[in-house]
Structures are given as structure tokens and as C-alpha cells.
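Asks: I'd like to ask some things about the structure below.
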Amino acid sequence: MENAVEETQESAVLEAPVDKSNGRQVVLSVRDVTVGFGDKLVLDKLNLDVYRGEILGFVGASGTGKSVLMRTVLGLLSHRSGTIEILGVDYENASEEDRMMVDMRLGVLFQHGALFSALTVKENIQLPMREYLDLPQELMDELAYLKVEMVGLPPDAADKYPSELSGGMIKRAALARALALDPDLVFLDEPTSGLDPIGAADFDALIAKLRDTLGLTVYMVTHDLDSLFSVCDRIAVLGNKKVLVEGTLEDMFANDDPWVQSYFRGKRARSVVIEDKRPAEEVEKT
Ligand SMILES: Nc1ncnc2c1ncn2[C@@H]1O[C@H](COP(=O)(O)OP(=O)(O)O)[C@@H](O)[C@H]1O
Ligand SMILES: [Mg+2]
């Protein structure tokens, strides 16, 4: 199968380039990207790298442009300058075929992007398959049930409509749709917002498990401190139209930007750290 694709495919290799400074594969590279609406600049020469296999947490005050950046990276909003490379492909200047190759490697869970309410969970999951693949219905059904299981939903959820599901189940079903084509990179915009703390923690655990088992790369916009502390390998903070800081949690604590300080060292953050550390240590012992 893969050989056949390679033979007919002339251009896009979809090989994430290696960052020589650390030997890691760069799945997404954003360089000097500027985005604005009218005379209002939202992002100004922003830079960001996302490495294969990591869970990157993307944070920033409300309205700073987190969703705008995600939509720009996905090619849904245009940028005024700069380049965006996904899996080594300069998306904006790529051919139609190459763009499609890239699109097939990405999964997305939009902030308010729920499922199509007139379709069952199974039909929702099969939408990307119908768009990009030409598979017999039987195989698509099998695949849909597999995805449903993968995200921890019971098999009968596949034939339900979104209105018959709880908020947490809808998020899982939307994640199953994002995973429909076995992507390399998934974009999640505030995936745990609206979930109760237990539902959110379960969702985070699922993300970590999928990363470990599927080798997924995860780009997660979030303002959920629990998520940042429990599953994110690296954090990038958006502020002043750029990535202000990027690094580990320790880097965030050590940073002296006032917003970063108040966010990561504020009262709320301290309570999360204290709450989270104990169970984590207990879990490790067992
Ligand atoms: N389509 C649009 N047209 C004009 N302004 C927009 C559009 N989309 C977003 N914005 C503005 O861009 C800024 C960043 O928005 P957004 O990315 O949604 O913020 P957040 O970081 O909360 O996700 C906001 O000021 C928003 O009003
Ligand atoms: Mg947003």
C-alpha cells in the first residue's frame, strides 16, 4: 500500500525535518508568522516548533490569539507574512495534492467544534474517511467502532446521536473523529473546558495514553492548569502577539514575565500543584 503511494506521489515526502540542536523531529514549524484583522494585529512574527511525540500545552490570556494561531496553522485563516511548515511541507505554497497529504495527517478538535447533531457518532467519525478515502462501508464501520473503543466509549455509543451523550462523551466522540485517519498530529482547542474536574482528568489521561500507544503529537490549547501540570511535556505561552516563553513547567516557574508568574505561581496554580503531587507520588509507588 505505502509503496504504491510513494510511486505515484512525486512531491510531498511528509518527512518531519530534524532539529539539529536537539535531534528531534519538527512536526510543525511556525516562523515569523503575522496575522491580523483590518488594522488590528493579533500575531506578530510569532515562532513556534512542535516536536514529534510531545504534548505541547499552549496557553495565554483570553483573546490573545490561541485559536487564531491554530486556525492559521490549519490553513483556515491566512497570514500576512511568515511560513508554516507541517511535516516538512510549506503548506501555503504547496500543491493541492501536497496539501491533501498534509490534511490527512492532521486531526482537529475545535473549541466549539462539536459533532454534527444530525449524524450518529459513527457517521461523524466516518466523515473524514468519506472525504479522503475510498473504503467499503463495512470497513468504515469496523474502523469507527475501533475509534469509539480507542477513546474509551462503550460500543453502543457509536449508534447514538450527540444529543444522547454527556458532555464528556461528546468530547471523546469528537476526539474519535479527529483520530479517524490515524493522524500524526492532533490539534485540540480547549478540550477539557466545560468538563467537571474528574471528566477533565480522565480526558487528559486518555490523551497521554494515546500519545504513548499511537506515538501521537498533540498540540493542546488549554487554560486548564491541571492539564498543564499532569500531561503536557512542554508549554508555550502566548502574549504580546508572540510566544513569550516556551519550555517545561520548571522554565515557567523560573520565568519572570508578570503574566507567566501570576499564572503559574498564583494561588490557583499552587493549589493545583499541591493537590496533584500527592496522588502522583502515590501512584508511582504502586
Ligand atoms: N475572524 C475574526 N475577525 C476579526 N477578529 C477576530 C477574528 N477571529 C478572532 N479575532 C480576534 O482575534 C483575537 C484573538 O482571538 P482568539 O484567537 O479567539 O483568542 P483566544 O486566545 O482566546 O483563543 C481576539 O481579539 C478576537 O476578537
Ligand atoms: Mg480560543
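Please note that chains go A, B, ... in the order of the C-alpha cells, that every chain numbers its residues from 1, and that ligands are numbered from 1 in the order shown.
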Mind checking DSSP for range 173-202 of chain A and telling me the strand (DSSP E or B) residues as a ChimeraX atom specification?
Replies: /A:185-189
Asks: Identify, counting only C-alpha atoms and all ligand atoms, the protein, DNA and RNA residues located within 10 Å of ligand 1, and give them as a ChimeraX atom specification.
Replies: /A:35-38,40-43,58-72,77,111,189-190,221-223,238-239,241
Asks: Let's have the selection written as a compact mmCIF listing (two decimals), in the first residue's frame, with N, CA and C atoms.
Replies:
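Output file part_15.txt is given in full below:
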# COMPACT_ATOMS: atom_id res chain seq x y z
N VAL A 35 -0.44 37.67 11.74
CA VAL A 35 -1.85 37.55 11.39
C VAL A 35 -2.59 38.76 11.95
N GLY A 36 -3.45 39.33 11.17
CA GLY A 36 -4.22 40.48 11.65
C GLY A 36 -5.58 40.52 10.99
N PHE A 37 -6.45 41.33 11.58
CA PHE A 37 -7.78 41.58 11.01
C PHE A 37 -7.90 43.09 10.86
N GLY A 38 -8.05 43.58 9.66
CA GLY A 38 -8.09 45.02 9.45
C GLY A 38 -6.79 45.64 9.95
N LYS A 40 -5.88 45.63 13.01
CA LYS A 40 -5.52 45.03 14.29
C LYS A 40 -4.64 43.79 14.10
N LEU A 41 -3.42 43.86 14.63
CA LEU A 41 -2.53 42.69 14.57
C LEU A 41 -2.83 41.77 15.74
N VAL A 42 -2.98 40.49 15.46
CA VAL A 42 -3.20 39.53 16.56
C VAL A 42 -1.90 38.78 16.85
N LEU A 43 -1.21 38.36 15.80
CA LEU A 43 0.07 37.67 15.97
C LEU A 43 1.12 38.44 15.18
N PHE A 58 -0.54 24.87 25.02
CA PHE A 58 -0.44 26.24 24.53
C PHE A 58 -1.37 27.10 25.37
N VAL A 59 -0.81 28.05 26.09
CA VAL A 59 -1.63 28.87 27.00
C VAL A 59 -1.48 30.36 26.67
N GLY A 60 -2.32 31.14 27.32
CA GLY A 60 -2.27 32.59 27.14
C GLY A 60 -3.60 33.16 27.58
N ALA A 61 -3.59 34.44 27.96
CA ALA A 61 -4.83 35.07 28.41
C ALA A 61 -5.89 34.96 27.32
N SER A 62 -7.14 35.09 27.73
CA SER A 62 -8.25 35.00 26.79
C SER A 62 -8.14 36.13 25.76
N GLY A 63 -8.35 35.80 24.50
CA GLY A 63 -8.32 36.81 23.45
C GLY A 63 -6.93 37.14 22.93
N THR A 64 -5.92 36.38 23.33
CA THR A 64 -4.56 36.69 22.87
C THR A 64 -4.27 36.11 21.48
N GLY A 65 -5.09 35.17 21.03
CA GLY A 65 -4.89 34.66 19.67
C GLY A 65 -4.57 33.17 19.59
N LYS A 66 -4.89 32.43 20.62
CA LYS A 66 -4.60 30.99 20.62
C LYS A 66 -5.38 30.28 19.52
N SER A 67 -6.67 30.59 19.46
CA SER A 67 -7.49 29.95 18.43
C SER A 67 -7.11 30.47 17.05
N VAL A 68 -6.79 31.76 16.96
CA VAL A 68 -6.37 32.33 15.67
C VAL A 68 -5.12 31.62 15.16
N LEU A 69 -4.16 31.37 16.04
CA LEU A 69 -2.95 30.67 15.61
C LEU A 69 -3.28 29.27 15.12
N MET A 70 -4.12 28.58 15.88
CA MET A 70 -4.46 27.22 15.49
C MET A 70 -5.15 27.21 14.13
N ARG A 71 -6.07 28.15 13.91
CA ARG A 71 -6.78 28.20 12.63
C ARG A 71 -5.84 28.60 11.49
N THR A 72 -4.86 29.42 11.83
CA THR A 72 -3.88 29.81 10.81
C THR A 72 -3.02 28.62 10.42
N LEU A 77 -7.23 30.35 8.25
CA LEU A 77 -7.05 31.81 8.24
C LEU A 77 -5.75 32.08 7.52
N GLN A 111 -12.61 24.25 19.35
CA GLN A 111 -13.07 24.72 20.66
C GLN A 111 -14.58 24.50 20.84
N ASP A 189 -8.40 22.28 20.82
CA ASP A 189 -8.61 23.63 21.33
C ASP A 189 -9.50 23.56 22.56
N GLU A 190 -8.90 23.81 23.71
CA GLU A 190 -9.62 23.78 24.99
C GLU A 190 -10.46 22.51 25.14
N VAL A 221 -4.38 23.57 23.04
CA VAL A 221 -4.66 24.87 23.62
C VAL A 221 -5.46 24.62 24.88
N THR A 222 -5.07 25.24 25.96
CA THR A 222 -5.79 24.98 27.19
C THR A 222 -5.61 26.12 28.17
N HIS A 223 -6.56 26.29 29.08
CA HIS A 223 -6.23 27.16 30.21
C HIS A 223 -6.41 26.34 31.48
N LEU A 238 1.44 32.34 25.01
CA LEU A 238 1.19 33.40 24.04
C LEU A 238 0.94 34.71 24.78
N GLY A 239 1.64 35.75 24.36
CA GLY A 239 1.44 37.08 24.96
C GLY A 239 2.16 38.11 24.11
N LYS A 241 1.42 39.17 21.33
CA LYS A 241 1.35 38.72 19.93
C LYS A 241 2.44 37.73 19.53
Asks: Quick one: residues within 9 Å of Leu56 in chain A, only C-alpha atoms, excluding same-chain residues fewer than 5 positions away - as a list in words?
Replies: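 Once the adjacent positions are removed, what remains is Val50, Tyr51, Thr217, Val218, Tyr219, Met220, Val221, Leu228, Val231, Cys232, Asp233, Arg234, Ile235 and Ala236 of chain A.
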Asks: Point out the residue among A:Met169, A:Ala178, A:Ile207, A:Leu48 with the least atom-to-atom distance to Val108 in chain A, counting only C-alpha atoms.
Replies: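 Of the candidates, the smallest distance to Val108 in chain A is held by A:Ala178.
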Asks: Which residues in range 77-228 of chain A does DSSP call alpha helix (DSSP H)? List them as a PyMOL selection string.
Replies: chain A and resi 96-104+121-132+137-150+167-178+197-214+225-228
Asks: Counting only C-alpha atoms and all ligand atoms, figure out which residue out of A:Asn240, A:Thr248, A:Asn255, A:Ser193 gets nearest to ligand 2.
Replies: A:Ser193
Asks: Go through A:Arg211, A:Lys147, A:His112, A:Lys160 one by one, measure the shortest atom-to-atom distance of each to ligand 2 using only C-alpha atoms and all ligand atoms, and give the residue with the smallest value.
Replies: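 Using only C-alpha atoms and all ligand atoms, ligand 2 sits closest to A:His112.
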Asks: Of the residues A:Pro162, A:Pro154, A:Gly57, A:Pro136, which is the one nearest to Asp204 in chain A, using only C-alpha atoms?
Replies: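 The answer is A:Gly57, which sits nearest to Asp204 in chain A.
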Asks: CA of Val237 in chain A to CA of Met252 in chain A: how many Å, to one decimal?
Replies: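 Between CA of Val237 in chain A and CA of Met252 in chain A the gap works out to 8.9 Å.
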Asks: In Å, rounded to a single decimal, give me how far CA of Asn22 in chain A is from CA of Gly88 in chain A.
Replies: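 Computing it gives 17.0 Å between the two atoms.
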Asks: Quick one: pull the distance between CA of Leu175 in chain A and CA of Val243 in chain A, Å, one decimal.
Replies: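 Distance reported for this atom pair: 26.4 Å.
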Asks: With distances taken over only C-alpha atoms and all ligand atoms, which residue among A:Ala174, A:Phe110, A:Asp156, A:Thr192 lies nearest ligand 2?
Replies: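 Closest residue, counting only C-alpha atoms and all ligand atoms: A:Phe110.
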Asks: Which of these, A:Ala205, A:Leu165, A:Leu188, A:Ile55, has the shortest distance to ligand 2 once you count only C-alpha atoms and all ligand atoms?
Replies: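 Using only C-alpha atoms and all ligand atoms, ligand 2 sits closest to A:Leu188.
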